[in-house]
file input36.csv (CSV, C-alpha atoms)
chain,number,residue,atom,x,y,z
H,1,MET,CA,17.8,-6.8,-11.9
H,2,ALA,CA,19.9,-5.7,-9.0
H,3,ALA,CA,20.4,-2.3,-10.7
H,4,VAL,CA,16.7,-2.0,-11.1
H,5,ILE,CA,16.0,-2.7,-7.4
H,6,ARG,CA,18.7,-0.3,-6.3
H,7,ARG,CA,17.3,2.4,-8.5
H,8,LEU,CA,13.8,1.9,-7.2
H,9,LEU,CA,14.9,2.1,-3.5
H,10,GLN,CA,17.4,5.0,-4.2
H,11,PRO,CA,15.6,7.0,-7.0
H,12,ASP,CA,17.4,9.8,-8.7
H,13,ALA,CA,16.3,12.6,-10.9
H,14,ALA,CA,16.8,10.5,-14.0
H,15,LEU,CA,14.3,7.9,-12.9
H,16,LEU,CA,11.5,9.2,-15.2
H,17,ASP,CA,13.8,9.8,-18.2
H,18,ASP,CA,13.7,6.2,-19.4
H,19,PRO,CA,10.1,5.1,-20.0
H,20,SER,CA,11.2,2.3,-22.4
H,21,PRO,CA,9.0,-0.8,-22.6
H,22,ARG,CA,11.9,-3.0,-21.4
H,23,ARG,CA,12.5,-1.0,-18.3
H,24,ILE,CA,8.7,-0.8,-17.5
H,25,ALA,CA,8.5,-4.5,-18.0
H,26,ARG,CA,11.3,-5.1,-15.5
H,27,VAL,CA,9.8,-2.8,-12.9
H,28,ALA,CA,6.4,-4.4,-13.4
H,29,GLY,CA,7.9,-7.8,-13.1
H,30,VAL,CA,9.6,-7.0,-9.8
H,31,THR,CA,6.3,-5.6,-8.5
H,32,VAL,CA,4.3,-8.6,-9.4
H,33,LEU,CA,6.8,-11.1,-8.0
H,34,CYS,CA,7.1,-9.3,-4.7
H,35,LEU,CA,3.4,-8.7,-4.3
H,36,ALA,CA,2.7,-12.3,-5.1
H,37,ALA,CA,5.1,-13.5,-2.5
H,38,TYR,CA,3.7,-11.2,0.2
H,39,GLY,CA,0.1,-11.9,-0.9
H,40,PHE,CA,0.6,-15.6,-0.4
H,41,THR,CA,1.7,-15.1,3.2
H,42,THR,CA,-1.4,-13.0,4.0
H,43,GLY,CA,-3.9,-15.5,2.8
H,44,PHE,CA,-2.0,-18.6,4.0
H,45,TRP,CA,-3.3,-18.1,7.6
H,46,ARG,CA,-6.8,-19.0,6.4
H,47,SER,CA,-5.7,-21.7,4.0
H,48,PRO,CA,-3.0,-22.4,1.4
H,49,GLN,CA,-5.7,-22.1,-1.3
H,50,LEU,CA,-6.5,-18.6,-0.2
H,51,GLY,CA,-2.8,-17.8,-0.2
H,52,VAL,CA,-2.7,-18.7,-3.9
H,53,TYR,CA,-5.8,-16.6,-4.5
H,54,VAL,CA,-4.3,-13.6,-2.8
H,55,ALA,CA,-1.0,-14.0,-4.7
H,56,ILE,CA,-3.0,-13.5,-7.8
H,57,LYS,CA,-5.2,-10.7,-6.6
H,58,MET,CA,-2.6,-8.5,-5.0
H,59,PRO,CA,-0.9,-7.6,-8.3
H,60,LEU,CA,-4.4,-7.1,-9.8
H,61,LEU,CA,-5.3,-4.7,-7.0
H,62,ILE,CA,-2.2,-2.6,-7.6
H,63,ALA,CA,-2.8,-2.6,-11.3
H,64,CYS,CA,-6.4,-1.3,-10.9
H,65,THR,CA,-5.2,1.4,-8.4
H,66,LEU,CA,-2.3,2.4,-10.7
H,67,GLY,CA,-4.6,2.7,-13.7
H,68,CYS,CA,-7.2,4.9,-12.0
H,69,ASN,CA,-4.8,7.0,-10.0
H,70,GLY,CA,-2.4,7.4,-12.9
H,71,ILE,CA,-5.1,8.9,-15.1
H,72,LEU,CA,-6.4,11.2,-12.3
H,73,ASN,CA,-3.0,12.4,-11.3
H,74,GLY,CA,-2.0,12.9,-15.0
H,75,LEU,CA,-4.9,15.3,-15.4
H,76,PHE,CA,-4.0,16.9,-12.0
H,77,GLY,CA,-0.4,17.3,-13.0
H,78,LEU,CA,-1.3,19.0,-16.3
H,79,LEU,CA,-3.5,21.5,-14.4
H,80,LEU,CA,-0.8,22.3,-11.8
H,81,GLY,CA,2.1,22.3,-14.2
H,82,GLY,CA,3.6,19.2,-12.7
H,83,LEU,CA,4.0,15.7,-14.3
H,84,GLY,CA,2.1,14.6,-17.4
H,85,PHE,CA,0.3,11.3,-18.0
H,86,ARG,CA,3.3,9.2,-18.9
H,87,GLU,CA,5.5,10.6,-16.2
H,88,SER,CA,2.7,10.2,-13.6
H,89,LEU,CA,2.1,6.5,-14.6
H,90,LEU,CA,5.9,5.7,-14.5
H,91,ALA,CA,6.4,7.5,-11.2
H,92,LEU,CA,3.4,5.7,-9.6
H,93,LEU,CA,4.6,2.4,-10.9
H,94,SER,CA,8.0,3.0,-9.4
H,95,ALA,CA,6.4,4.0,-6.1
H,96,PHE,CA,4.3,0.8,-6.1
H,97,ALA,CA,7.4,-1.2,-7.0
H,98,ALA,CA,9.4,0.2,-4.1
H,99,SER,CA,6.5,-0.6,-1.8
H,100,ALA,CA,6.3,-4.1,-3.2
H,101,LEU,CA,10.0,-4.6,-2.6
H,102,LEU,CA,9.5,-3.6,1.1
H,103,LEU,CA,6.6,-6.0,1.5
H,104,GLY,CA,8.3,-8.8,-0.4
H,105,SER,CA,11.4,-8.5,1.9
H,106,LEU,CA,9.0,-9.0,4.8
H,107,ALA,CA,7.3,-12.1,3.3
H,108,PRO,CA,9.4,-14.6,5.4
H,109,VAL,CA,8.4,-12.7,8.6
H,110,THR,CA,4.7,-12.6,7.7
H,111,PHE,CA,4.8,-16.2,6.7
H,112,MET,CA,6.1,-17.2,10.1
H,113,LEU,CA,3.4,-14.9,11.6
H,114,ALA,CA,0.8,-16.9,9.7
H,115,LEU,CA,2.2,-20.1,11.0
H,116,ASP,CA,2.4,-19.0,14.6
H,117,ALA,CA,-1.0,-17.3,14.8
H,118,PRO,CA,-3.9,-19.2,16.3
H,119,PRO,CA,-5.4,-21.4,13.6
H,120,PRO,CA,-8.8,-20.4,12.0
H,121,HIS,CA,-10.6,-23.3,13.7
H,122,SER,CA,-9.5,-22.3,17.2
H,123,ASP,CA,-11.7,-20.8,19.9
H,124,ASN,CA,-10.1,-17.3,19.6
H,125,ALA,CA,-9.9,-17.3,15.8
H,126,THR,CA,-12.1,-14.2,15.6
H,127,SER,CA,-9.7,-12.2,17.8
H,128,ALA,CA,-6.7,-13.5,15.9
H,129,HIS,CA,-8.3,-12.5,12.6
H,130,SER,CA,-8.9,-9.0,13.8
H,131,GLY,CA,-5.3,-8.6,15.0
H,132,TYR,CA,-4.0,-10.2,11.9
H,133,LEU,CA,-6.0,-7.9,9.7
H,134,LEU,CA,-5.0,-4.7,11.5
H,135,PHE,CA,-1.3,-5.7,11.5
H,136,HIS,CA,-1.3,-6.2,7.7
H,137,VAL,CA,-3.3,-3.1,7.0
H,138,VAL,CA,-0.8,-1.0,9.0
H,139,LEU,CA,2.1,-2.8,7.4
H,140,ILE,CA,0.8,-2.2,3.8
H,141,ALA,CA,0.0,1.4,4.6
H,142,ILE,CA,3.5,2.1,5.9
H,143,ALA,CA,5.1,0.4,2.9
H,144,GLY,CA,2.8,2.3,0.5
H,145,ILE,CA,3.6,5.7,2.1
H,146,THR,CA,7.3,5.0,2.3
H,147,GLY,CA,7.5,3.9,-1.4
H,148,THR,CA,5.7,7.0,-2.5
H,149,LEU,CA,7.6,9.4,-0.4
H,150,LEU,CA,10.9,8.1,-1.9
H,151,LEU,CA,9.9,10.1,-5.1
H,152,PHE,CA,9.4,13.4,-3.4
H,153,ARG,CA,12.9,14.7,-4.2
H,154,ILE,CA,12.2,13.9,-7.9
H,155,LEU,CA,9.0,15.8,-7.7
H,156,ARG,CA,10.7,18.9,-6.3
H,157,ASN,CA,13.1,18.8,-9.3
H,158,ARG,CA,10.3,18.2,-11.9
H,159,CYS,CA,7.5,20.4,-10.7
H,160,ALA,CA,7.3,24.2,-11.2
H,161,THR,CA,7.4,25.1,-7.5
H,162,PRO,CA,7.9,23.2,-4.2
H,163,ALA,CA,4.2,23.9,-3.4
H,164,VAL,CA,3.2,22.1,-6.6
H,165,ALA,CA,5.4,19.2,-5.6
H,166,SER,CA,3.9,18.9,-2.2
H,167,VAL,CA,0.3,19.1,-3.5
H,168,THR,CA,1.2,16.4,-6.2
H,169,MET,CA,2.6,14.1,-3.5
H,170,LEU,CA,-0.4,14.5,-1.3
H,171,SER,CA,-2.7,13.7,-4.3
H,172,TRP,CA,-0.7,10.6,-4.9
H,173,LEU,CA,-0.9,9.5,-1.3
H,174,ALA,CA,-4.6,10.3,-1.1
H,175,GLY,CA,-5.5,8.6,-4.4
H,176,ASN,CA,-3.5,5.5,-3.6
H,177,GLY,CA,-5.0,5.3,-0.1
H,178,ILE,CA,-8.6,5.8,-1.1
H,179,LEU,CA,-8.7,3.9,-4.4
H,180,GLY,CA,-6.5,1.1,-3.0
H,181,ALA,CA,-8.6,0.7,0.1
H,182,GLN,CA,-11.8,0.4,-2.0
H,183,PHE,CA,-10.4,-1.9,-4.6
H,184,SER,CA,-9.1,-4.1,-1.8
H,185,TRP,CA,-12.6,-4.3,-0.4
H,186,ILE,CA,-14.0,-5.3,-3.9
H,187,PHE,CA,-11.3,-7.9,-4.4
H,188,ARG,CA,-11.7,-9.4,-0.9
H,189,PRO,CA,-11.0,-11.7,0.8
H,190,PHE,CA,-7.3,-11.2,1.4
H,191,PHE,CA,-7.1,-12.4,5.0
H,192,GLY,CA,-10.1,-14.8,5.1
H,193,SER,CA,-12.7,-14.6,7.9
H,194,PRO,CA,-12.6,-17.8,9.9
H,195,HIS,CA,-16.4,-18.3,9.8
H,196,LEU,CA,-16.6,-17.8,6.0
H,197,GLU,CA,-15.7,-20.3,3.2
H,198,VAL,CA,-12.6,-19.7,1.2
H,199,ALA,CA,-13.5,-18.0,-2.2
H,200,PHE,CA,-11.7,-16.0,-4.8
H,201,LEU,CA,-14.3,-13.2,-4.5
H,202,ARG,CA,-17.3,-12.6,-2.2
H,203,ASP,CA,-20.8,-13.0,-3.6
H,204,HIS,CA,-21.6,-9.3,-3.1
H,205,PRO,CA,-18.3,-7.4,-3.5
H,206,MET,CA,-19.8,-4.0,-3.7
H,207,GLU,CA,-21.7,-4.2,-0.3
H,208,GLY,CA,-20.0,-2.5,2.7
H,209,GLY,CA,-16.7,-0.8,2.7
H,210,PHE,CA,-13.0,-1.1,3.7
H,211,HIS,CA,-13.0,1.5,6.4
H,212,GLU,CA,-16.1,0.0,8.0
H,213,SER,CA,-14.4,-3.4,8.1
H,214,VAL,CA,-11.2,-1.9,9.7
H,215,TRP,CA,-13.4,-0.1,12.3
H,216,ARG,CA,-15.1,-3.3,13.2
H,217,ALA,CA,-11.7,-5.1,13.6
H,218,VAL,CA,-10.4,-2.3,15.8
H,219,ARG,CA,-13.5,-2.4,18.0
H,220,HIS,CA,-13.3,-6.2,18.4
H,221,PHE,CA,-9.5,-6.0,19.1
H,222,THR,CA,-10.1,-3.4,21.9
H,223,GLY,CA,-12.9,-5.4,23.6
H,224,ASP,CA,-15.8,-3.6,21.7
H,225,ASP,CA,-15.0,-0.3,23.6
H,226,PRO,CA,-15.7,2.6,21.2
H,227,ARG,CA,-13.5,5.0,23.1
H,228,LEU,CA,-10.5,2.7,23.1
H,229,ALA,CA,-11.2,1.9,19.4
H,230,ALA,CA,-11.2,5.7,18.6
H,231,ILE,CA,-8.0,6.2,20.5
H,232,ALA,CA,-6.4,3.3,18.6
H,233,MET,CA,-7.5,4.7,15.3
H,234,LEU,CA,-6.1,8.1,16.1
H,235,GLY,CA,-2.8,6.5,17.2
H,236,ILE,CA,-2.6,4.5,13.9
H,237,ALA,CA,-3.4,7.7,11.9
H,238,ALA,CA,-0.7,9.6,13.8
H,239,VAL,CA,1.9,6.9,13.1
H,240,LEU,CA,1.1,7.0,9.4
H,241,ALA,CA,0.9,10.8,9.1
H,242,ARG,CA,4.2,11.5,10.9
H,243,PRO,CA,6.6,10.5,8.0
H,244,MET,CA,4.4,12.3,5.5
H,245,PHE,CA,4.6,15.6,7.3
H,246,ARG,CA,8.3,15.2,8.1
H,247,THR,CA,9.0,14.7,4.4
H,248,LEU,CA,6.6,17.3,2.9
H,249,PHE,CA,7.2,19.9,5.6
H,250,PRO,CA,10.7,19.5,6.9
H,251,ARG,CA,12.0,21.7,9.7
H,252,PRO,CA,14.4,24.4,8.6
H,253,GLN,CA,17.9,23.6,9.5
H,254,THR,CA,19.6,26.0,11.9
H,255,ILE,CA,23.1,27.1,11.2
H,256,ARG,CA,25.3,27.1,14.3
H,257,PRO,CA,27.8,30.0,14.6

call {"tool": "encode", "arguments": {"input": "input36.csv", "output": "structure tokens"}}
result
Amino acid sequence: MAAVIRRLLQPDAALLDDPSPRRIARVAGVTVLCLAAYGFTTGFWRSPQLGVYVAIKMPLLIACTLGCNGILNGLFGLLLGGLGFRESLLALLSAFAASALLLGSLAPVTFMLALDAPPPHSDNATSAHSGYLLFHVVLIAIAGITGTLLLFRILRNRCATPAVASVTMLSWLAGNGILGAQFSWIFRPFFGSPHLEVAFLRDHPMEGGFHESVWRAVRHFTGDDPRLAAIAMLGIAAVLARPMFRTLFPRPQTIRP
């Protein structure tokens, strides 16, 4: 298991050469355990019951995102001359596993955060929920981007040209972000609004959207000032975009005389 974890966090060119069922099962097992541990800490703030629910739903969320994005990127890879279906699925599973390891390693920290945050029945519970939601959304986004970017060096070796590798990586990031965000909205609640009852799923899961919910949380967190909220959103986007551009478009190294 230690070798599997080391290989996920330090992937090499041979990562996609061994799609055996035993190896896939080990990677999937690591992903499920880490996501379940982290998911419990995110829902624990609202109640331990919601923590158990989120521990179950977090792996399901990733499974749905992996299934849809793996098929889309398998087709995309065949069109561009990049990775095929099996390689795309294995690569995306490895990326999710690396992200899950990062989140799982932070589970003790996020659990202490849930314990120290204002309780759901307090007077400022709504503000606490907005900050709690934004913190975890940014944390999950950073872990997801980092886990996916770890595979860029492998893509450069596997794809026909560096441009194809960059486009493939951008399609992975966009697909994981868009599909993951919408599936997370459908599978809500993950954090638990203080004024709503604890439930495994909401009564109308298809109403509304993830980005609308994040925008409301940002506005509430900034005192309902739309200008400050827009600046905060741009700042978050800049923080998330910086590692992507540094990896995909590195500066040429200068050779000193």

call {"tool": "residues_around", "arguments": {"input": "input36.csv", "residues": "stretch 44-52 of chain H", "least_positions_apart": "3", "cutoff": "8 Å", "atoms": "all atoms listed in the file", "output": "list in words"}}
result
Gly39, Phe40, Thr41, Ala55, Ile56, Phe111, Ala114, Leu115, Ala117, Pro119, Pro120, Phe190, Phe191, Gly192, Ser193, Pro194, Val198, Ala199 and Phe200 of chain H

call {"tool": "write_last_selection", "arguments": {"input": "input36.csv", "atoms": "C-alpha atoms", "output": "mmCIF file, in the coordinates of the input"}}
result
data_model
loop_
_atom_site.group_PDB
_atom_site.id
_atom_site.type_symbol
_atom_site.label_atom_id
_atom_site.label_comp_id
_atom_site.auth_asym_id
_atom_site.auth_seq_id
_atom_site.Cartn_x
_atom_site.Cartn_y
_atom_site.Cartn_z
ATOM 1 C CA GLY H 39 0.100 -11.900 -0.900
ATOM 2 C CA PHE H 40 0.600 -15.600 -0.400
ATOM 3 C CA THR H 41 1.700 -15.100 3.200
ATOM 4 C CA ALA H 55 -1.000 -14.000 -4.700
ATOM 5 C CA ILE H 56 -3.000 -13.500 -7.800
ATOM 6 C CA PHE H 111 4.800 -16.200 6.700
ATOM 7 C CA ALA H 114 0.800 -16.900 9.700
ATOM 8 C CA LEU H 115 2.200 -20.100 11.000
ATOM 9 C CA ALA H 117 -1.000 -17.300 14.800
ATOM 10 C CA PRO H 119 -5.400 -21.400 13.600
ATOM 11 C CA PRO H 120 -8.800 -20.400 12.000
ATOM 12 C CA PHE H 190 -7.300 -11.200 1.400
ATOM 13 C CA PHE H 191 -7.100 -12.400 5.000
ATOM 14 C CA GLY H 192 -10.100 -14.800 5.100
ATOM 15 C CA SER H 193 -12.700 -14.600 7.900
ATOM 16 C CA PRO H 194 -12.600 -17.800 9.900
ATOM 17 C CA VAL H 198 -12.600 -19.700 1.200
ATOM 18 C CA ALA H 199 -13.500 -18.000 -2.200
ATOM 19 C CA PHE H 200 -11.700 -16.000 -4.800
#

call {"tool": "closest_residue", "arguments": {"input": "input36.csv", "among": "H:Pro189, H:Pro118, H:Pro11, H:Gly74", "to": "H:Gly147", "atoms": "all atoms listed in the file"}}
result
H:Pro11

call {"tool": "residues_near_point", "arguments": {"input": "input36.csv", "point": "(-1.3, 17.3, -15.0)", "cutoff": "12 Å", "atoms": "all atoms listed in the file", "output": "list in words"}}
result
Asn69, Gly70, Ile71, Leu72, Asn73, Gly74, Leu75, Phe76, Gly77, Leu78, Leu79, Leu80, Gly81, Gly82, Leu83, Gly84, Phe85, Arg86, Glu87, Ser88, Leu89, Cys159, Ala160, Val164, Ala165, Val167, Thr168 and Ser171 of chain H

call {"tool": "write_last_selection", "arguments": {"input": "input36.csv", "atoms": "C-alpha atoms", "output": "compact mmCIF listing (two decimals), in the frame of the given file"}}
result
# COMPACT_ATOMS: atom_id res chain seq x y z
CA ASN H 69 -4.80 7.00 -10.00
CA GLY H 70 -2.40 7.40 -12.90
CA ILE H 71 -5.10 8.90 -15.10
CA LEU H 72 -6.40 11.20 -12.30
CA ASN H 73 -3.00 12.40 -11.30
CA GLY H 74 -2.00 12.90 -15.00
CA LEU H 75 -4.90 15.30 -15.40
CA PHE H 76 -4.00 16.90 -12.00
CA GLY H 77 -0.40 17.30 -13.00
CA LEU H 78 -1.30 19.00 -16.30
CA LEU H 79 -3.50 21.50 -14.40
CA LEU H 80 -0.80 22.30 -11.80
CA GLY H 81 2.10 22.30 -14.20
CA GLY H 82 3.60 19.20 -12.70
CA LEU H 83 4.00 15.70 -14.30
CA GLY H 84 2.10 14.60 -17.40
CA PHE H 85 0.30 11.30 -18.00
CA ARG H 86 3.30 9.20 -18.90
CA GLU H 87 5.50 10.60 -16.20
CA SER H 88 2.70 10.20 -13.60
CA LEU H 89 2.10 6.50 -14.60
CA CYS H 159 7.50 20.40 -10.70
CA ALA H 160 7.30 24.20 -11.20
CA VAL H 164 3.20 22.10 -6.60
CA ALA H 165 5.40 19.20 -5.60
CA VAL H 167 0.30 19.10 -3.50
CA THR H 168 1.20 16.40 -6.20
CA SER H 171 -2.70 13.70 -4.30

call {"tool": "closest_residue", "arguments": {"input": "input36.csv", "among": "H:Ser130, H:Thr148, H:Thr161, H:Thr247", "to": "H:Ser213", "atoms": "only C-alpha atoms"}}
result
H:Ser130

call {"tool": "atom_distance", "arguments": {"input": "input36.csv", "atom1": "atom CA of H:His211", "atom2": "atom CA of H:Leu139"}}
result
15.7 Å

call {"tool": "closest_residue", "arguments": {"input": "input36.csv", "among": "H:Ala125, H:Leu15, H:Val30, H:Ile154", "to": "H:Leu103", "atoms": "all atoms listed in the file"}}
result
H:Val30

call {"tool": "closest_residue", "arguments": {"input": "input36.csv", "among": "H:Ser166, H:Thr222, H:Ser105, H:Gln182", "to": "H:Arg246", "atoms": "all atoms listed in the file"}}
result
H:Ser166

call {"tool": "closest_residue", "arguments": {"input": "input36.csv", "among": "H:Gly209, H:Pro162, H:Pro243, H:Gly29", "to": "H:Phe183", "atoms": "only C-alpha atoms"}}
result
H:Gly209

call {"tool": "atom_distance", "arguments": {"input": "input36.csv", "atom1": "atom CA of H:Ala3", "atom2": "atom CA of H:Gly177"}}
result
28.6 Å

call {"tool": "closest_residue", "arguments": {"input": "input36.csv", "among": "H:Asp225, H:Ala97, H:His129, H:Thr65", "to": "H:Arg26", "atoms": "only C-alpha atoms"}}
result
H:Ala97

call {"tool": "atom_distance", "arguments": {"input": "input36.csv", "atom1": "atom CA of H:Ala163", "atom2": "atom CA of H:Ala141"}}
result
24.2 Å

call {"tool": "residues_near_point", "arguments": {"input": "input36.csv", "point": "(-8.7, -6.0, 15.0)", "cutoff": "10 Å", "atoms": "all atoms listed in the file", "output": "PDB file with C-alpha atoms, keeping the file's coordinate frame"}}
result
ATOM      1  CA  THR H 126     -12.100 -14.200  15.600  1.00  0.00           C
ATOM      2  CA  SER H 127      -9.700 -12.200  17.800  1.00  0.00           C
ATOM      3  CA  ALA H 128      -6.700 -13.500  15.900  1.00  0.00           C
ATOM      4  CA  HIS H 129      -8.300 -12.500  12.600  1.00  0.00           C
ATOM      5  CA  SER H 130      -8.900  -9.000  13.800  1.00  0.00           C
ATOM      6  CA  GLY H 131      -5.300  -8.600  15.000  1.00  0.00           C
ATOM      7  CA  TYR H 132      -4.000 -10.200  11.900  1.00  0.00           C
ATOM      8  CA  LEU H 133      -6.000  -7.900   9.700  1.00  0.00           C
ATOM      9  CA  LEU H 134      -5.000  -4.700  11.500  1.00  0.00           C
ATOM     10  CA  PHE H 135      -1.300  -5.700  11.500  1.00  0.00           C
ATOM     11  CA  SER H 213     -14.400  -3.400   8.100  1.00  0.00           C
ATOM     12  CA  VAL H 214     -11.200  -1.900   9.700  1.00  0.00           C
ATOM     13  CA  TRP H 215     -13.400  -0.100  12.300  1.00  0.00           C
ATOM     14  CA  ARG H 216     -15.100  -3.300  13.200  1.00  0.00           C
ATOM     15  CA  ALA H 217     -11.700  -5.100  13.600  1.00  0.00           C
ATOM     16  CA  VAL H 218     -10.400  -2.300  15.800  1.00  0.00           C
ATOM     17  CA  ARG H 219     -13.500  -2.400  18.000  1.00  0.00           C
ATOM     18  CA  HIS H 220     -13.300  -6.200  18.400  1.00  0.00           C
ATOM     19  CA  PHE H 221      -9.500  -6.000  19.100  1.00  0.00           C
ATOM     20  CA  THR H 222     -10.100  -3.400  21.900  1.00  0.00           C
ATOM     21  CA  GLY H 223     -12.900  -5.400  23.600  1.00  0.00           C
ATOM     22  CA  ALA H 229     -11.200   1.900  19.400  1.00  0.00           C
TER      23      ALA H 229
END

call {"tool": "decode", "arguments": {"input": "input36.csv", "residues": "stretch 22-59 of chain H", "atoms": "C-alpha atoms", "output": "CSV table (one decimal), in the first residue's frame"}}
result
chain,number,residue,atom,x,y,z
H,22,ARG,CA,-5.6,-5.7,-8.6
H,23,ARG,CA,-3.8,-2.4,-9.0
H,24,ILE,CA,-7.0,-0.6,-9.9
H,25,ALA,CA,-8.7,-2.1,-6.9
H,26,ARG,CA,-5.9,-0.8,-4.7
H,27,VAL,CA,-6.0,2.7,-6.1
H,28,ALA,CA,-9.8,2.8,-5.8
H,29,GLY,CA,-9.6,1.5,-2.2
H,30,VAL,CA,-7.1,4.3,-1.2
H,31,THR,CA,-9.4,6.8,-2.9
H,32,VAL,CA,-12.5,5.6,-1.1
H,33,LEU,CA,-10.9,5.5,2.3
H,34,CYS,CA,-9.4,9.0,2.0
H,35,LEU,CA,-12.5,10.6,0.6
H,36,ALA,CA,-14.7,8.9,3.3
H,37,ALA,CA,-12.4,10.2,6.1
H,38,TYR,CA,-12.3,13.7,4.7
H,39,GLY,CA,-16.1,13.7,3.9
H,40,PHE,CA,-16.9,12.8,7.4
H,41,THR,CA,-15.1,15.9,8.7
H,42,THR,CA,-17.0,18.2,6.3
H,43,GLY,CA,-20.4,17.1,7.3
H,44,PHE,CA,-19.5,16.7,11.0
H,45,TRP,CA,-20.0,20.4,11.6
H,46,ARG,CA,-23.7,20.2,11.0
H,47,SER,CA,-24.1,16.8,12.8
H,48,PRO,CA,-22.3,13.4,13.1
H,49,GLN,CA,-25.2,11.9,11.1
H,50,LEU,CA,-24.5,14.2,8.1
H,51,GLY,CA,-20.8,13.3,8.5
H,52,VAL,CA,-21.7,9.7,7.9
H,53,TYR,CA,-23.8,10.6,5.0
H,54,VAL,CA,-21.0,12.7,3.4
H,55,ALA,CA,-18.5,9.9,4.0
H,56,ILE,CA,-20.7,7.8,1.8
H,57,LYS,CA,-21.5,10.4,-0.8
H,58,MET,CA,-18.0,11.8,-1.4
H,59,PRO,CA,-16.8,8.6,-3.1
